[in-house]
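Trainee: Below is the structure I would like to discuss, written out as structure tokens.
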Amino acid sequence: MAQVLRVYNREATIADAVASALSQQTDFAYNVIVVDNHSTDKTTQIVAQIAATDARLIHHIPSLTDLGIGGCWNQAAQHPKCGRFIVQLDSDDLYSGTDTLQRIVDKFRSANCAMVIGSYNMVDFDLKPLPPGLIDHKEWTADNGRNNALRINGLGAPRAFVTELVRKHPFANVSYGEDYAQALLMCRQYNVERIFEPIYLCRRWRGNSDAQLSQQSINTNNYYKDTVRTIEVCARVAANMKRSEQQL
């Protein structure tokens, strides 16, 4: 079992994020893989210091220098110490308690699913609640969650996968929307389960990668997700047609 944090220049938050991951109380062994994408601030030093005191923390600096967030995720999934499941975390967010990881794995065990998606509370840098509060995506249902996923810009956090499937279906090497594209693919082909109770704290602060984006960047991001949705709709139509032909 591995928890993965991709990080670039997060000296203000990475220690908190790693501490949260390492604090999890479970009935199974786990590692924390930090994919340090060639940070230029003190992030690398901070992670190295923690790794020197806890063998569960794996500090991985890729040899490649052209990796986006998705590419970093693929590096973690291929790591020999990744384990059966892999949980996708952000380098400035935290679990809401020490039982989050256990709850995610329990869901994998009980539902025999390919992916588990949690719910999170919005907070500021000091972890004080921010509106709209809980993001639980209750529009997801067992009958229509796969279709509803095409109507929204994200499916929730944290996100966890069966490692073998991430290796089979690698993330796109981009730094926006890679998680959304992967979730759409997973819920088209496999069973996806949700935890609707809050298990994660999503920080919103001026250092966020999505803070104070220009209109051009917003338009570029929206175009990417619209493209992903179009590709996914075409794939689902083709899959449905194939199933119909097989039933004739």
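Ordering of the structure tokens sets the chain letters (A, B, ...), residue numbers begin anew at 1 in every chain, and ligands are numbered from 1 in the order given.
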Show me, as a CSV table (one decimal) with C-alpha atoms, in the first residue's frame, the residues that have an atom within 12 Å of Asp143 of chain A when counting only C-alpha atoms, minus same-chain residues fewer than 3 positions from it.

Mentor:
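File part_0.csv, as written:
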```
chain,number,residue,atom,x,y,z
A,139,GLU,CA,-24.9,13.4,-7.5
A,140,TRP,CA,-23.0,10.1,-7.8
A,146,ARG,CA,-20.8,7.0,-14.4
A,147,ASN,CA,-22.9,9.4,-16.5
A,148,ASN,CA,-23.0,12.1,-13.8
A,149,ALA,CA,-19.2,12.1,-13.8
A,187,CYS,CA,-15.7,4.4,-14.0
A,191,ASN,CA,-16.5,-0.6,-10.4
A,192,VAL,CA,-15.9,2.7,-8.6
A,193,GLU,CA,-16.9,3.2,-5.0
```

Trainee: Run DSSP on the backbone and grab whatever in segment 84-119 of chain A lands in alpha helix (DSSP H); send it over as a list in words.

Mentor: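 Selection result, alpha helix (DSSP H) within segment 84-119 of chain A: Thr100, Leu101, Gln102, Arg103, Ile104, Val105, Asp106, Lys107, Phe108, Arg109, Ser110 and Ala111 of chain A.
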
Trainee: Which is closer to Met115 of chain A than all the others in A:Thr13, A:Gln75, A:Gln3, A:Gln182, using only C-alpha atoms?

Mentor: A:Gln182

Trainee: List the spatial neighbours of segment 229-239 of chain A as a count of residues only - criterion: any atom at most 8 Å away, only C-alpha atoms, same-chain residues fewer than 6 positions off excluded.

Mentor: 5

Trainee: Using DSSP assignments from the backbone, pull out every residue in segment 95-244 of chain A that falls under strand (DSSP E or B) and give it to me as a PyMOL selection string.

Mentor: chain A and resi 95+115-123+129-135+159-162+192-203

Trainee: What separation in Å, quoted to one decimal, exists between atom CA of Val7 of chain A and atom CA of Phe108 of chain A?

Mentor: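 Straight-line distance from atom CA of Val7 of chain A to atom CA of Phe108 of chain A works out to 26.2 Å.
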
Trainee: Please indicate the distance in Å from atom CA of Leu201 of chain A to atom CA of Met122 of chain A, rounded to one decimal place.

Mentor: 6.2 Å

Trainee: For a quick check of understanding, using only C-alpha atoms, which of A:Met1, A:Ile195, A:Cys202, A:Ser63 has the smallest distance to Pro131 of chain A?

Mentor: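 When distances to Pro131 of chain A are compared using only C-alpha atoms, the smallest one comes from A:Cys202.
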
Trainee: Using only C-alpha atoms for the distances, tell me which of A:His79, A:Arg204, A:Arg10, A:Lys242 is nearest to Asp126 of chain A.

Mentor: A:Arg204

Trainee: Report as an mmCIF file with N, CA, C and O atoms, in the first residue's frame all protein, DNA and RNA residues lying within 12 Å of Gln102 of chain A, evaluated on only C-alpha atoms, omitting residues in the same chain fewer than 5 positions from it.

Mentor:
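selection_7.cif written:
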```
data_model
loop_
_atom_site.group_PDB
_atom_site.id
_atom_site.type_symbol
_atom_site.label_atom_id
_atom_site.label_comp_id
_atom_site.auth_asym_id
_atom_site.auth_seq_id
_atom_site.Cartn_x
_atom_site.Cartn_y
_atom_site.Cartn_z
ATOM 1 N N MET A 1 0.851 -1.196 0.000
ATOM 2 C CA MET A 1 0.000 0.000 0.000
ATOM 3 C C MET A 1 0.881 1.237 0.000
ATOM 4 O O MET A 1 1.841 1.323 0.777
ATOM 5 N N GLN A 3 0.887 5.638 -0.262
ATOM 6 C CA GLN A 3 0.285 6.962 -0.384
ATOM 7 C C GLN A 3 1.285 7.810 -1.155
ATOM 8 O O GLN A 3 2.475 7.803 -0.840
ATOM 9 N N ALA A 21 0.140 11.768 6.417
ATOM 10 C CA ALA A 21 0.182 10.448 5.774
ATOM 11 C C ALA A 21 0.828 9.405 6.675
ATOM 12 O O ALA A 21 0.375 8.258 6.757
ATOM 13 N N SER A 23 0.877 9.366 9.860
ATOM 14 C CA SER A 23 0.155 9.196 11.129
ATOM 15 C C SER A 23 -0.974 8.189 11.046
ATOM 16 O O SER A 23 -1.625 7.910 12.054
ATOM 17 N N GLN A 24 -1.214 7.629 9.883
ATOM 18 C CA GLN A 24 -2.352 6.734 9.707
ATOM 19 C C GLN A 24 -2.201 5.441 10.505
ATOM 20 O O GLN A 24 -1.132 4.829 10.513
ATOM 21 N N GLN A 25 -3.289 5.065 11.164
ATOM 22 C CA GLN A 25 -3.327 3.846 11.969
ATOM 23 C C GLN A 25 -4.063 2.767 11.176
ATOM 24 O O GLN A 25 -5.240 2.924 10.852
ATOM 25 N N THR A 26 -3.364 1.670 10.843
ATOM 26 C CA THR A 26 -3.941 0.652 9.966
ATOM 27 C C THR A 26 -3.607 -0.756 10.452
ATOM 28 O O THR A 26 -2.730 -0.943 11.299
ATOM 29 N N ASP A 27 -4.305 -1.736 9.872
ATOM 30 C CA ASP A 27 -3.987 -3.135 10.152
ATOM 31 C C ASP A 27 -3.130 -3.733 9.033
ATOM 32 O O ASP A 27 -3.032 -4.947 8.897
ATOM 33 N N PHE A 28 -2.514 -2.885 8.240
ATOM 34 C CA PHE A 28 -1.645 -3.305 7.141
ATOM 35 C C PHE A 28 -0.451 -2.353 7.059
ATOM 36 O O PHE A 28 -0.491 -1.236 7.593
ATOM 37 N N ALA A 29 0.588 -2.796 6.399
ATOM 38 C CA ALA A 29 1.775 -1.955 6.229
ATOM 39 C C ALA A 29 1.577 -0.997 5.052
ATOM 40 O O ALA A 29 0.870 -1.312 4.094
ATOM 41 N N TYR A 30 2.192 0.167 5.144
ATOM 42 C CA TYR A 30 2.107 1.122 4.048
ATOM 43 C C TYR A 30 3.385 1.938 3.944
ATOM 44 O O TYR A 30 4.162 2.034 4.895
ATOM 45 N N PHE A 85 -2.439 -1.174 -3.498
ATOM 46 C CA PHE A 85 -3.275 -0.002 -3.701
ATOM 47 C C PHE A 85 -2.412 1.251 -3.645
ATOM 48 O O PHE A 85 -1.354 1.280 -3.004
ATOM 49 N N VAL A 87 -2.825 5.591 -3.189
ATOM 50 C CA VAL A 87 -3.698 6.704 -2.835
ATOM 51 C C VAL A 87 -3.065 8.013 -3.289
ATOM 52 O O VAL A 87 -1.898 8.280 -2.994
ATOM 53 N N TYR A 95 -5.254 14.522 5.741
ATOM 54 C CA TYR A 95 -6.357 13.661 6.118
ATOM 55 C C TYR A 95 -7.125 14.325 7.261
ATOM 56 O O TYR A 95 -6.562 15.087 8.042
ATOM 57 N N GLY A 97 -8.416 12.570 9.718
ATOM 58 C CA GLY A 97 -8.186 11.764 10.912
ATOM 59 C C GLY A 97 -7.169 10.679 10.641
ATOM 60 O O GLY A 97 -6.696 10.519 9.501
ATOM 61 N N LYS A 107 -12.916 -0.209 2.145
ATOM 62 C CA LYS A 107 -13.848 -0.092 1.023
ATOM 63 C C LYS A 107 -13.377 -0.940 -0.155
ATOM 64 O O LYS A 107 -14.187 -1.626 -0.803
ATOM 65 N N PHE A 108 -12.085 -0.922 -0.445
ATOM 66 C CA PHE A 108 -11.548 -1.799 -1.493
ATOM 67 C C PHE A 108 -11.867 -3.260 -1.170
ATOM 68 O O PHE A 108 -12.284 -4.035 -2.038
ATOM 69 N N ARG A 109 -11.648 -3.641 0.060
ATOM 70 C CA ARG A 109 -11.848 -5.038 0.462
ATOM 71 C C ARG A 109 -13.304 -5.466 0.362
ATOM 72 O O ARG A 109 -13.609 -6.574 -0.095
ATOM 73 N N ALA A 160 -8.111 6.889 -4.779
ATOM 74 C CA ALA A 160 -7.284 5.702 -4.582
ATOM 75 C C ALA A 160 -7.587 4.683 -5.671
ATOM 76 O O ALA A 160 -8.728 4.561 -6.128
ATOM 77 N N ILE A 199 -13.306 12.747 4.806
ATOM 78 C CA ILE A 199 -12.101 12.052 5.266
ATOM 79 C C ILE A 199 -10.830 12.820 4.907
ATOM 80 O O ILE A 199 -9.723 12.338 5.115
#
```

Trainee: To one decimal place in Å, what is the distance between atom CA of Met186 of chain A and atom CA of Val162 of chain A?

Mentor: 10.3 Å

Trainee: Do a neighbour search on Val47 of chain A at 10 Å with only C-alpha atoms, toss out local chain neighbours closer than 4 positions, and write the hits as a VMD selection string.

Mentor: chain A and resid 7 11 14 to 15 18 34 to 36 42 to 43 51 to 52 57 to 60

Trainee: Residues as selected, all heavy atoms, written as a CSV table (one decimal), in the first residue's frame, can you do that?

Mentor:
```csv
chain,number,residue,atom,x,y,z
A,7,VAL,N,5.2,16.6,-5.5
A,7,VAL,CA,5.5,17.9,-4.9
A,7,VAL,C,6.5,18.7,-5.7
A,7,VAL,O,7.4,18.1,-6.3
A,7,VAL,CB,6.0,17.7,-3.4
A,7,VAL,CG1,7.3,17.0,-3.4
A,7,VAL,CG2,6.1,19.1,-2.8
A,11,GLU,N,7.5,24.1,0.3
A,11,GLU,CA,8.2,24.1,1.6
A,11,GLU,C,7.3,24.5,2.7
A,11,GLU,O,7.5,24.1,3.9
A,11,GLU,CB,9.4,25.0,1.5
A,11,GLU,CG,9.1,26.5,1.3
A,11,GLU,CD,10.3,27.4,1.1
A,11,GLU,OE1,11.4,26.8,1.1
A,11,GLU,OE2,10.1,28.6,1.1
A,14,ILE,N,4.6,20.8,2.8
A,14,ILE,CA,5.0,19.4,2.6
A,14,ILE,C,5.2,18.6,3.9
A,14,ILE,O,4.8,17.4,4.0
A,14,ILE,CB,6.2,19.3,1.7
A,14,ILE,CG1,6.4,17.8,1.3
A,14,ILE,CG2,7.4,19.9,2.3
A,14,ILE,CD1,5.3,17.1,0.6
A,15,ALA,N,5.8,19.2,4.9
A,15,ALA,CA,6.0,18.5,6.2
A,15,ALA,C,4.7,18.1,6.8
A,15,ALA,O,4.5,17.0,7.4
A,15,ALA,CB,6.8,19.4,7.1
A,18,VAL,N,3.1,15.2,4.8
A,18,VAL,CA,3.8,13.9,5.0
A,18,VAL,C,3.5,13.4,6.4
A,18,VAL,O,3.2,12.2,6.6
A,18,VAL,CB,5.3,14.1,4.9
A,18,VAL,CG1,6.1,12.9,5.4
A,18,VAL,CG2,5.7,14.3,3.4
A,34,VAL,N,7.0,10.2,-1.9
A,34,VAL,CA,7.0,11.6,-2.3
A,34,VAL,C,7.8,11.7,-3.6
A,34,VAL,O,9.0,11.4,-3.6
A,34,VAL,CB,7.6,12.5,-1.2
A,34,VAL,CG1,7.7,13.9,-1.7
A,34,VAL,CG2,6.8,12.4,0.1
A,35,VAL,N,7.1,12.0,-4.6
A,35,VAL,CA,7.8,12.3,-5.9
A,35,VAL,C,8.1,13.7,-6.0
A,35,VAL,O,7.2,14.6,-6.2
A,35,VAL,CB,6.9,11.8,-7.1
A,35,VAL,CG1,7.6,12.0,-8.4
A,35,VAL,CG2,6.4,10.4,-6.9
A,36,ASP,N,9.3,14.0,-5.8
A,36,ASP,CA,9.8,15.4,-5.7
A,36,ASP,C,10.3,15.8,-7.1
A,36,ASP,O,11.3,15.4,-7.6
A,36,ASP,CB,11.0,15.5,-4.7
A,36,ASP,CG,11.6,16.9,-4.5
A,36,ASP,OD1,11.1,17.8,-5.2
A,36,ASP,OD2,12.5,17.0,-3.7
A,42,LYS,N,13.1,24.8,-0.4
A,42,LYS,CA,13.6,23.9,0.6
A,42,LYS,C,12.8,22.6,0.7
A,42,LYS,O,13.1,21.8,1.6
A,42,LYS,CB,13.6,24.6,2.0
A,42,LYS,CG,14.5,25.8,2.0
A,42,LYS,CD,14.4,26.5,3.4
A,42,LYS,CE,15.3,27.7,3.5
A,42,LYS,NZ,15.2,28.4,4.8
A,43,THR,N,12.0,22.3,-0.2
A,43,THR,CA,11.1,21.1,-0.2
A,43,THR,C,12.0,19.9,-0.2
A,43,THR,O,11.8,19.0,0.6
A,43,THR,CB,10.2,21.1,-1.4
A,43,THR,OG1,9.3,22.1,-1.3
A,43,THR,CG2,9.4,19.8,-1.5
A,51,ALA,N,12.7,11.6,5.6
A,51,ALA,CA,13.0,10.2,5.2
A,51,ALA,C,14.1,9.6,5.9
A,51,ALA,O,14.2,8.4,6.1
A,51,ALA,CB,13.3,10.3,3.7
A,52,ALA,N,15.0,10.4,6.4
A,52,ALA,CA,16.2,9.9,7.2
A,52,ALA,C,15.8,9.3,8.6
A,52,ALA,O,16.5,8.6,9.2
A,52,ALA,CB,17.2,11.0,7.4
A,57,LEU,N,9.0,6.5,4.5
A,57,LEU,CA,8.9,7.6,3.6
A,57,LEU,C,10.0,7.3,2.5
A,57,LEU,O,11.2,7.2,2.8
A,57,LEU,CB,9.2,8.9,4.3
A,57,LEU,CG,9.2,10.1,3.4
A,57,LEU,CD1,7.9,10.3,2.6
A,57,LEU,CD2,9.5,11.4,4.2
A,58,ILE,N,9.5,7.3,1.3
A,58,ILE,CA,10.4,7.1,0.1
A,58,ILE,C,10.5,8.4,-0.7
A,58,ILE,O,9.5,8.9,-1.2
A,58,ILE,CB,9.9,5.9,-0.8
A,58,ILE,CG1,9.8,4.6,0.0
A,58,ILE,CG2,10.7,5.8,-2.0
A,58,ILE,CD1,8.9,3.6,-0.6
A,59,HIS,N,11.7,8.9,-0.7
A,59,HIS,CA,11.9,10.2,-1.4
A,59,HIS,C,12.4,9.9,-2.8
A,59,HIS,O,13.6,9.5,-3.0
A,59,HIS,CB,12.9,11.0,-0.6
A,59,HIS,CG,13.1,12.4,-1.1
A,59,HIS,ND1,14.1,13.3,-0.7
A,59,HIS,CD2,12.4,13.2,-2.0
A,59,HIS,CE1,14.0,14.4,-1.3
A,59,HIS,NE2,13.0,14.4,-2.1
A,60,HIS,N,11.6,10.1,-3.8
A,60,HIS,CA,11.9,9.8,-5.2
A,60,HIS,C,12.0,11.0,-6.0
A,60,HIS,O,11.1,11.8,-6.1
A,60,HIS,CB,10.8,8.9,-5.8
A,60,HIS,CG,11.0,8.5,-7.2
A,60,HIS,ND1,12.1,7.7,-7.6
A,60,HIS,CD2,10.4,8.9,-8.3
A,60,HIS,CE1,12.0,7.6,-8.9
A,60,HIS,NE2,11.0,8.3,-9.4
```

Trainee: With distances taken over only C-alpha atoms, which residue among A:Leu213, A:Phe125, A:Leu89, A:Gly70 lies nearest Tyr176 of chain A?

Mentor: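 Closest to Tyr176 of chain A, using only C-alpha atoms: A:Gly70.
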
Trainee: Taking into account only C-alpha atoms, which residue in the set A:Trp73, A:Tyr120, A:Phe171, A:Tyr8 is nearest to Tyr200 of chain A?

Mentor: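 Of all the options, A:Tyr120 lies closest to Tyr200 of chain A.
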
Trainee: In terms of the shortest atom-to-atom distance over only C-alpha atoms, which of A:Arg56, A:Asp226, A:Asn121, A:Asn144 is closest to Ala19 of chain A?

Mentor: A:Arg56
